[in-house]
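Enquirer: First the structure, then my questions, so here it is.
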Amino acid sequence: MKPFDYYTVTSVAQAVSLLSKHRHKAAVLAGGSDLLAMMKDRLEGPKLKLPAALIDIKGIKELSYIKEQKNGVRIGAGTVLADIASSELIAKRYPLLHQAAGQLGVPQIRNVGTLGGNLCQRPRCWYFRGKSFANCFRKGGGTCYAPGGENRYHAVFGGSNCYIVHPSDLAPALIALDARVEIASPKGSRMVPLEKFYVGPDKNILGETILGPQELLAAVEIPAPAAASRGAYLKLKERQAFDFAIVSVAVNLSVAGGSVGQARIAFGGLAPVPLRAVKAEAGLKGKALKDAIAAACKAAAEGAEPLSQNGYKVDAARGVLEEALLSLA
Amino acid sequence: MSNEFRVVGKRYPKMDAWERVSGQAVYVSDIYLPGMLYGKILRSPHPHARVAGIDTEQAKALPGVKAVLTPKDITDFNWTKCPGRGHHDMPILADIARYAGEDIAVAAAVDEERVQEALDLIKVEYQPLPFVIDPEEALKPAAPKVHPAGNLVGGKPVVLNRGSVEKGFQEADLVYEARYSTPLLQHATAEPRVCVARWERGRLTIWDSLQHTFGTQAGLAYVFKIPMSKVRVVCDYMGGGFGDKIQMERYSVLASILALKTGRPVRIEFDREENFLAAHHRYPAVCYLKYGARKDGTLTAIQAKVVANAGAYCHLDGAMGVLETMKGVYRCPNLKGEGYTVYTNTPEGGAMRCVGHPQGQFAQEVHMDIMAHKLGIDPVAFRMKNFARLEDGDQDKKIPFSSNAMEECIRKGAEASGWAQKWQKPGTSPGPVKKGLGMAIHSCRHGAMALPSAGMVKVNSDGTVNVLIGTADVGGNQKSTMAMIAAEELGVPLDVISVTTADTDVTLDTGSTAGSKQTITAGNAIKLAAADAKNQIFAIAAGELKTAKENLELVGGQIRPKGSDKGIALTAVLRKAPATITGRGTGSLLKGAITHCFAAHFAEVEVDTLSGKVRVLNIYAAHDLGKVINLSGAENQTDGGVIQGIGFGMTENQLFDLDTGICVNPNLVDYKLVTIKDIPEIHIQFIEPLDPGGPYGARGLSEPPYSVPAPAIANAVYNAIGVGMTDLPITIRSILESRNRGAKA
Ligand SMILES: Cc1cc2nc3c(=O)[nH]c(=O)nc-3n(C[C@H](O)[C@H](O)[C@H](O)COP(=O)(O)OP(=O)(O)OC[C@H]3O[C@@H](n4cnc5c(N)ncnc54)[C@H](O)[C@@H]3O)c2cc1C
Ligand code: SF4
C-alpha cells in the first residue's frame, strides 16, 4: 500500500472540516472493507487517485445507532451492517431490510462494513477494479471495456457509456422503503431521498452519488411502514454467500381489501443506480396482487438493453420479481 | 473385516490438527529469518511483447534495495534441460513476455514496500506483439505465433487408435456427436507459492511450499552446478498444493539466485493476484465427441478430438490427459483419439487434482447421458453395460486391472440416491422448480503405485518411533496415514509415533504428493520399513526368549511368544540392541496388472426455472479405493474433492478479456469458489476390495472425488430441464439461456 496521512476524528463537524481542507485528496474511512482493498490493489486512473489522506470516522460515536423515532427509524451511517442484520426493531418493522442485510456478503464483511460505506461503496465492474484497465471512463480514461468484453454481470438498463451495476444490497431495499439520507457538510446538513442520492453515468461518470468531496453521509431515515404493508427482498447470486447480486429485488407493498394500495419496487444488479421499477409498480396498484403479477413482471423488463453476454439478466429480473410477488400474494 | 486391524481402517483425528488450528504449525509463509530480504517479481502487463530495453538504474539506487536482476544478469546459471521440470520452453526471466503476468525482472529489498517501490522504478520498454487467447483460434494458420515453431505443441497431434471407429459407427444404431468445453480453474491453495532461500558456506537451504522437495533439490543442484548434497529443500507444513506445486518453479530459482548474490536469506511469496496470473491452473479443454452404440446399449465406437489450452509454455501434454478418460473408463473395441495441446498467450496450464480427467469426464459423462436418453435406456443400466471390467484394464496392451469394484460403486450409489424410485425421464419434472437426479462414473490411474518408494522407521530406546518419509504432507493427512501404517505394522500405539516429512537431508524420496499415490507409494515403503524394524527387534527378543522370531508378537508393549502371556518389555529388548533400530523399506511395482480407482456419483438437484438458480441437494459418492487405511482422512478427501468438484461444475471460471488479453477476475471475489452454504449433504460410501499392490490392500483416493460431481450435477440438471449441459460452469446464465433454447426447440 502507498503511504498516506491518517486522521481520526470524533465528531461529524471535525470530519467535514478536515474533508473540506483536503478537498479531493482525502477519503472517508469507515470499516475500510472496500476502500482499503482498493488502496491495496493500487487502483488508479487519469482521474482516480489514491487518497493522500484518510479521515477515519469510526471514532464518531454519534454516527452509530438504530433509533426509533416519531415517523420511522433512523440509522446512523457508522452503524455496522451486522447490527442492522440482527436488529429486532428492523426485523419487525422492515423485514425486507432485515433480509437484505442478512444476505449481504459474509459475516466478516457485515462485522466491519458500515451502512454509510455500503451505500457509498465503489462499483464492482471488474475492469474498474482491474489495475491493468486504467483507461476506463470511470477512472477518467477514454473507453469502456464492457461492451466488447466480458460483460455477463454488467448493466442491462441505463448504461450508455458505462455499464456498472450498483453493488449495494441495502440501497434497493432502502429505496423500496422510501428512505432518505442526511448529508452533512461544513455548511450544515440536508435531507435527500436515497433514490436521488444516486446518479447514473450520464450525470457523473466519476462517481455514483451526489456526495461532494467535503460531504459526509450521516444517517438514513426510513418512514414508518404503511398500514398492511408487506415486503420481500430476494437476491439471486451464483453462490449463497460472499457474492454480489446478479439481480436483487426489493418489494414493498401495501395490500388492503384484496387489492394493492402502494407499491415500491427497486432492483439491484441491473443498472448503474438502484433501479426503481416504476411501470411494474403502476401495473400492480389497485389490482388484486395475484392477477397482476404476470403483467408487472413483463413491464419490469421493458426497455432493457442487454450487452453481448448479459441478456439472461433480463429473464432473471422477471424471475426474481415474480418469485418475490408470489411470496407476498 | 476391520477387526483384523488395530489401527488401519479406523477414524483418528489428523495427527497435527491441533498445531494447524492453534497457529503453532510453521508453514513456509511463517518463516522469517534474521537479515532476510523480500524478493518480488516484475511481471509483464502485456500478453505478448518483446522487451526492447530495461533500465534498472533508479531501482538500484533506491536505499534498501539490494539487488535488481534482469535476464542478462542470470546467464551463468544452468537452466535449459533442467531435470524434474516439464517445461523446457520457459526461461527464468523472459525477454519476450508470452502472457500478461510473465516474469521479466526481479528485485530484493529490506521490506515489502521497498521492493514494490523498486519494481515501480524499473523502466521497461515493451514492444507489444499480436496475441492469441483462444486455443481453437491459435490453431488457425494466420494466428499469432506464441513460439516460433508454431502453436501446436510438438508440431502434430497425439493420436490414439484401437480397432476401427469406422467399423464401430457402421455397427451402431445410434451415432451421436457434440462439443463440450470446460473453463480455466485455480487451485486456490490457502497458501500461495512461497519460499525462503538461504546460502551458508556454499550450501543452499530452501524452505519451499512444495509437493515434491526432492525434485527441487535436483533442479537447484543443476541450476547452481553444485552437488545435490549441498542443497537442502524442506517443506514441513503446507497450505495445499492440488498440483500447483509439483515441481521446481522459477520463483524458487530466483529467490536462490537473489540469496546468492546478496549473501542474505531471500523470501519470495506470491500474492493472490500473482497466483492467478503466474502460477499454474487447470487448463481449459474443448472436446468433440462422436460415439456409436447398439440398440441394446453396447458402445461400438468412441471418437474424441481434444483441444487443450497449454498456455504460454507446455508443462504437460494436456490433451493426452483429457483423452485418458475416453481411453479407459469404458470398454470399447474401437477408439480414435486426437489430441491438440495448444500454446496461447495465457498463463501456463498445469497439473491440478486429477489432471485432465475432470475435463474429459465432464464431456464423456454428459455425452453418455444424452445417448442413454436417445437409446431409451436408463443411464445407470447404460453405464453398467459399458464400464471397463476387471479384465479390461489397459485395453490396448491387454493388461487387466489389479482390482475393480466399479459395479458395486454404481449399484450402491444408485441405491443410496433412491434412483429406482426417484429417477424420471429428462424434462418431465412438473412446475417451475424442477427436480433432477443425475449420475456419472469415473475411473483413472490416480491412486496407483509409483517409484521411487522408500522410507525409514526408527525405533528409539524408549519404544517411541520416528517415521522418516520424503512425502510432503500437502494437507491431505499424509503424516497420519504413515503413522497409522507404522503403528499397525509394528504393533505399537499410534501416539508413540512422530513423522518427519519432505526434508531432503533426512528423508528418502517417494516422488511428489500427486497422482493420489502416497498412501500406496509411501505406504508400501513404510510398511516394509516397519516390518524390517520389527524383524530386527524380534531377532534380539528371540534370543532372549529362546524361541524362533517368527513365533513372536508385540502386544501392549510386551514381546511374547504368540498365545503366551509371558514375555519381555519392548524397551528391555531395545536396550539390548547394538544401535538404534532402523528399518528400511523399498516398495516395488505390481506386475501384470494396472491399478485404477473407481467412483460413481449421484447428484440430486433442484432447478428454479424462473430465476435460473440451481441448488444441489445431495451428492451420493461411492468410491472404490481398495482397503481404507485412514478413514477420517479418506472421508475428508472425498468431501474436499466433492466440494471442489462442485466449484468446477457451478461457479469457478477464470476469464480473459479478449481485446487486451488480460485476466478480468484474478481475485477471490470475482473468481468464485463455492462457500459452505453451497455444499449439500455429501453421502459417502467406500467399497474396499483388497488390492494386491498396496499396503493392506489399499489404493489411493484423493483425486477421483473431484472428477465426478460436475458431470453428475450436469446430468441432474439435464434430467430436470431436459436440456443437456455442454459447457461448464453451469450458472444462472446457462440455465436461463438453456431454458430459452429448450423452449424454442
Ligand atoms: C468480499 C466482499 C463481499 C461483499 N458482498 C457484498 C454484498 O453481498 N452486498 C453488498 O451490499 N455489499 C457487499 N460488499 C461490499 C460491502 O458491503 C462494503 O465493502 C461495505 O459495506 C463498505 O463499508 P465500509 O464501512 O467498510 O466502507 P469503507 O470501505 O470504509 O468505505 C467505502 C466507501 O464509502 C466511503 N464512505 C464510507 N462511509 C462514508 C460516509 N459515512 N460518508 C461518505 N462516504 C463514506 C469511503 O470513502 C469509500 O469510498 C462486499 C464486500 C466484500 C469485500
Ligand atoms: S462499465 Fe464503467 S467502470 Fe466498467 S469499464 Fe466501462 S466505464 Fe469502466
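Identifiers for the C-alpha cells are assigned positionally: chains receive A, B, ... in sequence, residues are indexed from 1 per chain, and ligands are indexed from 1 in the order shown.
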List all protein, DNA and RNA residues that have any atom at most 7 Å from ligand 2, counting only C-alpha atoms and all ligand atoms, and write the list as a ChimeraX atom specification.

Expert: /A:125-128,136-139,143-146,154,161-164

Enquirer: Can you check which residues of chain B have any atom within 8 Å of chain A? Use only C-alpha atoms and format it as number ranges by chain.

Expert: B: 45, 113, 610-613, 651, 655-659, 662, 664-665, 669-670, 672, 674-675, 677-678, 731-733, 736-737

Enquirer: Return as JSON, numbers by chain every polymer residue, whether protein, DNA or RNA, with at least one atom no more than 6 Å from an atom of ligand 1; count only C-alpha atoms and all ligand atoms.

Expert: {"A": [27, 28, 29, 30, 31, 32, 33, 34, 35, 77, 104, 105, 112, 113, 114, 116, 117, 118, 120, 121, 167, 168, 169, 170, 216, 217, 218, 242, 243, 244], "B": [669]}

Enquirer: Separation of CA of Lys336 in chain B and CA of His446 in chain B, in Å?

Expert: 22.9 Å

Enquirer: Enumerate the residues of range 488-532 of chain B with a DSSP assignment of strand (DSSP E or B), computed from the backbone, and present them as a PyMOL selection string.

Expert: chain B and resi 497-501+503

Enquirer: Which residues come within 6 Å of Thr471 in chain B, counting only C-alpha atoms, excluding same-chain residues fewer than 3 positions away, as a PyMOL selection string?

Expert: chain B and resi 501-502+510

Enquirer: Save the residues we just selected, all heavy atoms, as a PDB file, in the first residue's frame?

Expert:
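See selection-v2.pdb below for the written result:
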ATOM      1  N   THR B 501       8.581 -35.340   7.474  1.00  0.00           N
ATOM      2  CA  THR B 501       8.306 -35.463   6.041  1.00  0.00           C
ATOM      3  C   THR B 501       9.159 -34.499   5.225  1.00  0.00           C
ATOM      4  O   THR B 501       9.550 -33.425   5.710  1.00  0.00           O
ATOM      5  CB  THR B 501       6.832 -35.093   5.740  1.00  0.00           C
ATOM      6  OG1 THR B 501       6.579 -33.806   6.287  1.00  0.00           O
ATOM      7  CG2 THR B 501       5.870 -36.103   6.314  1.00  0.00           C
ATOM      8  N   ALA B 502       9.391 -34.860   3.989  1.00  0.00           N
ATOM      9  CA  ALA B 502       9.786 -33.944   2.919  1.00  0.00           C
ATOM     10  C   ALA B 502      10.984 -33.055   3.221  1.00  0.00           C
ATOM     11  O   ALA B 502      11.062 -31.935   2.747  1.00  0.00           O
ATOM     12  CB  ALA B 502       8.593 -33.076   2.511  1.00  0.00           C
ATOM     13  N   THR B 510      10.007 -40.156  -2.214  1.00  0.00           N
ATOM     14  CA  THR B 510       8.890 -41.008  -2.646  1.00  0.00           C
ATOM     15  C   THR B 510       8.149 -40.368  -3.820  1.00  0.00           C
ATOM     16  O   THR B 510       6.979 -40.633  -4.043  1.00  0.00           O
ATOM     17  CB  THR B 510       7.874 -41.212  -1.505  1.00  0.00           C
ATOM     18  OG1 THR B 510       7.383 -39.928  -1.117  1.00  0.00           O
ATOM     19  CG2 THR B 510       8.489 -41.906  -0.312  1.00  0.00           C
TER      20      THR B 510
END

Enquirer: Find the residues around Val380 in chain B up to 8 Å (only C-alpha atoms counted), leave out those fewer than 6 positions away in its own chain, and share them as a PyMOL selection string.

Expert: chain B and resi 410+414+439

Enquirer: Using the chain letters and numbers from this document, which residues of range 96-215 of chain A does DSSP assign to alpha helix (DSSP H), as number ranges by chain?

Expert: A: 96-102, 107-112, 115-120, 126-129, 170-176, 194-197

Enquirer: Give me, as JSON, numbers by chain, all polymer residues having an atom no more than 9 Å from range 263-273 of chain A, counting only C-alpha atoms and skipping those fewer than 3 positions away in the same chain.

Expert: {"A": [123, 153, 154, 155, 156, 157, 158, 159, 162, 163, 164, 165, 166, 167, 168, 169, 171, 172, 173, 174, 175, 176, 177, 178, 195, 198, 199, 200, 201, 208, 209, 235, 244, 245, 246, 247, 248, 249, 250, 251, 252, 253, 254, 255, 260, 276, 277, 278, 280, 281, 282, 284, 285, 313, 314, 317, 321]}

Enquirer: Generate a file of the selected residues that holds C-alpha atoms, formatted as a tab-separated table (two decimals), in the first residue's frame.

Expert:
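As written to disk, part-v3.tsv reads:
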chain	number	residue	atom	x	y	z
A	123	PRO	CA	-18.69	-0.34	-8.24
A	153	TYR	CA	-22.54	-9.19	-14.88
A	154	HIS	CA	-22.91	-5.69	-16.32
A	155	ALA	CA	-25.93	-3.42	-16.59
A	156	VAL	CA	-28.91	-4.12	-18.79
A	157	PHE	CA	-30.53	-0.75	-18.10
A	158	GLY	CA	-29.19	2.79	-18.19
A	159	GLY	CA	-25.69	2.01	-19.41
A	162	CYS	CA	-20.59	2.94	-18.55
A	163	TYR	CA	-22.30	-0.32	-17.60
A	164	ILE	CA	-21.61	-0.75	-13.91
A	165	VAL	CA	-24.34	-2.14	-11.71
A	166	HIS	CA	-24.82	-0.68	-8.29
A	167	PRO	CA	-23.48	-3.35	-5.94
A	168	SER	CA	-25.27	-2.49	-2.70
A	169	ASP	CA	-27.94	-4.74	-1.25
A	171	ALA	CA	-29.67	0.59	-1.39
A	172	PRO	CA	-32.54	-1.09	-3.29
A	173	ALA	CA	-34.05	-2.24	0.00
A	174	LEU	CA	-33.96	1.28	1.43
A	175	ILE	CA	-35.26	2.82	-1.79
A	176	ALA	CA	-38.21	0.44	-1.77
A	177	LEU	CA	-38.82	1.65	1.80
A	178	ASP	CA	-38.69	5.26	0.58
A	195	GLU	CA	-33.21	7.42	-4.77
A	198	TYR	CA	-27.56	8.05	-6.77
A	199	VAL	CA	-26.72	9.32	-10.23
A	200	GLY	CA	-26.07	7.43	-13.45
A	201	PRO	CA	-23.05	7.74	-15.72
A	208	GLU	CA	-22.06	7.11	-8.23
A	209	THR	CA	-23.60	9.62	-5.85
A	235	LYS	CA	-31.23	-11.83	-4.08
A	244	PHE	CA	-22.92	-9.69	-5.08
A	245	ALA	CA	-26.35	-9.90	-6.66
A	246	ILE	CA	-26.81	-10.97	-10.26
A	247	VAL	CA	-30.19	-9.38	-9.71
A	248	SER	CA	-31.86	-8.47	-6.47
A	249	VAL	CA	-35.30	-7.08	-5.94
A	250	ALA	CA	-36.86	-5.23	-3.04
A	251	VAL	CA	-40.63	-5.13	-3.00
A	252	ASN	CA	-42.68	-3.04	-0.57
A	253	LEU	CA	-46.45	-3.31	-0.93
A	254	SER	CA	-49.50	-2.38	1.00
A	255	VAL	CA	-52.47	-4.59	0.35
A	260	VAL	CA	-52.63	-3.41	-3.88
A	276	ARG	CA	-36.99	1.75	-9.44
A	277	ALA	CA	-39.43	-0.40	-11.43
A	278	VAL	CA	-41.99	2.32	-11.88
A	280	ALA	CA	-44.29	-2.58	-12.65
A	281	GLU	CA	-45.41	-0.60	-9.60
A	282	ALA	CA	-48.09	1.14	-11.64
A	284	LEU	CA	-49.87	-3.52	-9.51
A	285	LYS	CA	-51.66	-0.57	-7.95
A	313	LYS	CA	-30.27	-10.90	-16.53
A	314	VAL	CA	-33.48	-9.60	-18.02
A	317	ALA	CA	-35.08	-9.97	-13.19
A	321	LEU	CA	-39.72	-10.29	-9.23

Enquirer: Go through B:Pro711, B:Gly101, B:Gly463, B:Gly318 one by one, measure the shortest atom-to-atom distance of each to Ile41 in chain B using only C-alpha atoms, and give the residue with the smallest value.

Expert: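 Closest to Ile41 in chain B, using only C-alpha atoms: B:Gly101.
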
Enquirer: Go through B:Asp73, B:Asp271, B:Glu365, B:Asp608 and flag the residue nearest Lys434 in chain B, using only C-alpha atoms for the distances.

Expert: B:Asp608

Enquirer: Please provide the set of residues having any atom within 8 Å of Pro704 in chain B, restricted to only C-alpha atoms, with same-chain residues fewer than 2 positions apart removed, written as a list in words.

Expert: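 The contact residues come out as Cys354, His442, Ser443, Cys444, His446, Cys597, Phe598, Ala599, Gly641, Leu701, Ser702, Tyr706, Ser707 and Val708 of chain B.
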
Enquirer: Using C-alpha atoms, can you export the residues from the last selection as a CSV table (one decimal), in the first residue's frame?

Expert:
chain,number,residue,atom,x,y,z
B,354,CYS,CA,-7.0,-35.5,-11.3
B,442,HIS,CA,-15.0,-42.2,-13.2
B,443,SER,CA,-12.0,-44.4,-13.2
B,444,CYS,CA,-8.4,-43.5,-13.5
B,446,HIS,CA,-4.7,-41.9,-9.9
B,597,CYS,CA,-9.5,-46.2,-8.7
B,598,PHE,CA,-13.2,-46.2,-9.4
B,599,ALA,CA,-16.1,-44.0,-8.5
B,641,GLY,CA,-13.0,-33.4,-3.7
B,701,LEU,CA,-8.2,-41.7,-3.4
B,702,SER,CA,-7.7,-38.0,-3.4
B,706,TYR,CA,-13.0,-34.1,-7.9
B,707,SER,CA,-13.8,-35.6,-11.3
B,708,VAL,CA,-17.3,-36.9,-10.8

Enquirer: Could you name the residues that touch Val457 in chain B at 6 Å or less, counting only C-alpha atoms, but leaving out those on the same chain fewer than 5 positions away, as a list in words?

Expert: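 Everything that qualifies: Asn466, Val467, Ala529, Ala530, Thr582 and Gly583 of chain B.
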
Enquirer: Write a file of the selected residues as a PDB file, in the first residue's frame, keeping all heavy atoms.

Expert:
ATOM      1  N   ASN B 466      10.149 -42.922  15.251  1.00  0.00           N
ATOM      2  CA  ASN B 466      10.195 -41.838  14.261  1.00  0.00           C
ATOM      3  C   ASN B 466      10.025 -42.427  12.871  1.00  0.00           C
ATOM      4  O   ASN B 466      10.776 -43.315  12.485  1.00  0.00           O
ATOM      5  CB  ASN B 466      11.536 -41.105  14.309  1.00  0.00           C
ATOM      6  CG  ASN B 466      11.651 -40.226  15.535  1.00  0.00           C
ATOM      7  OD1 ASN B 466      12.179 -40.645  16.551  1.00  0.00           O
ATOM      8  ND2 ASN B 466      11.118 -39.030  15.446  1.00  0.00           N
ATOM      9  N   VAL B 467       9.041 -41.901  12.164  1.00  0.00           N
ATOM     10  CA  VAL B 467       8.846 -42.295  10.768  1.00  0.00           C
ATOM     11  C   VAL B 467       9.465 -41.199   9.917  1.00  0.00           C
ATOM     12  O   VAL B 467       9.145 -40.022  10.088  1.00  0.00           O
ATOM     13  CB  VAL B 467       7.350 -42.461  10.455  1.00  0.00           C
ATOM     14  CG1 VAL B 467       7.120 -42.598   8.962  1.00  0.00           C
ATOM     15  CG2 VAL B 467       6.777 -43.669  11.197  1.00  0.00           C
ATOM     16  N   ALA B 529       9.401 -50.879   5.892  1.00  0.00           N
ATOM     17  CA  ALA B 529      10.401 -50.382   6.837  1.00  0.00           C
ATOM     18  C   ALA B 529      10.030 -50.775   8.262  1.00  0.00           C
ATOM     19  O   ALA B 529      10.885 -51.178   9.062  1.00  0.00           O
ATOM     20  CB  ALA B 529      10.525 -48.865   6.717  1.00  0.00           C
ATOM     21  N   ALA B 530       8.739 -50.675   8.589  1.00  0.00           N
ATOM     22  CA  ALA B 530       8.288 -51.055   9.932  1.00  0.00           C
ATOM     23  C   ALA B 530       8.485 -52.555  10.131  1.00  0.00           C
ATOM     24  O   ALA B 530       8.906 -53.003  11.208  1.00  0.00           O
ATOM     25  CB  ALA B 530       6.824 -50.667  10.115  1.00  0.00           C
ATOM     26  N   THR B 582      16.783 -49.337  13.112  1.00  0.00           N
ATOM     27  CA  THR B 582      16.380 -48.543  11.948  1.00  0.00           C
ATOM     28  C   THR B 582      15.913 -49.485  10.835  1.00  0.00           C
ATOM     29  O   THR B 582      16.703 -50.271  10.316  1.00  0.00           O
ATOM     30  CB  THR B 582      17.562 -47.704  11.424  1.00  0.00           C
ATOM     31  OG1 THR B 582      18.101 -46.960  12.517  1.00  0.00           O
ATOM     32  CG2 THR B 582      17.115 -46.748  10.348  1.00  0.00           C
ATOM     33  N   GLY B 583      14.612 -49.392  10.516  1.00  0.00           N
ATOM     34  CA  GLY B 583      14.066 -50.238   9.446  1.00  0.00           C
ATOM     35  C   GLY B 583      14.074 -49.482   8.134  1.00  0.00           C
ATOM     36  O   GLY B 583      13.841 -48.272   8.099  1.00  0.00           O
TER      37      GLY B 583
END
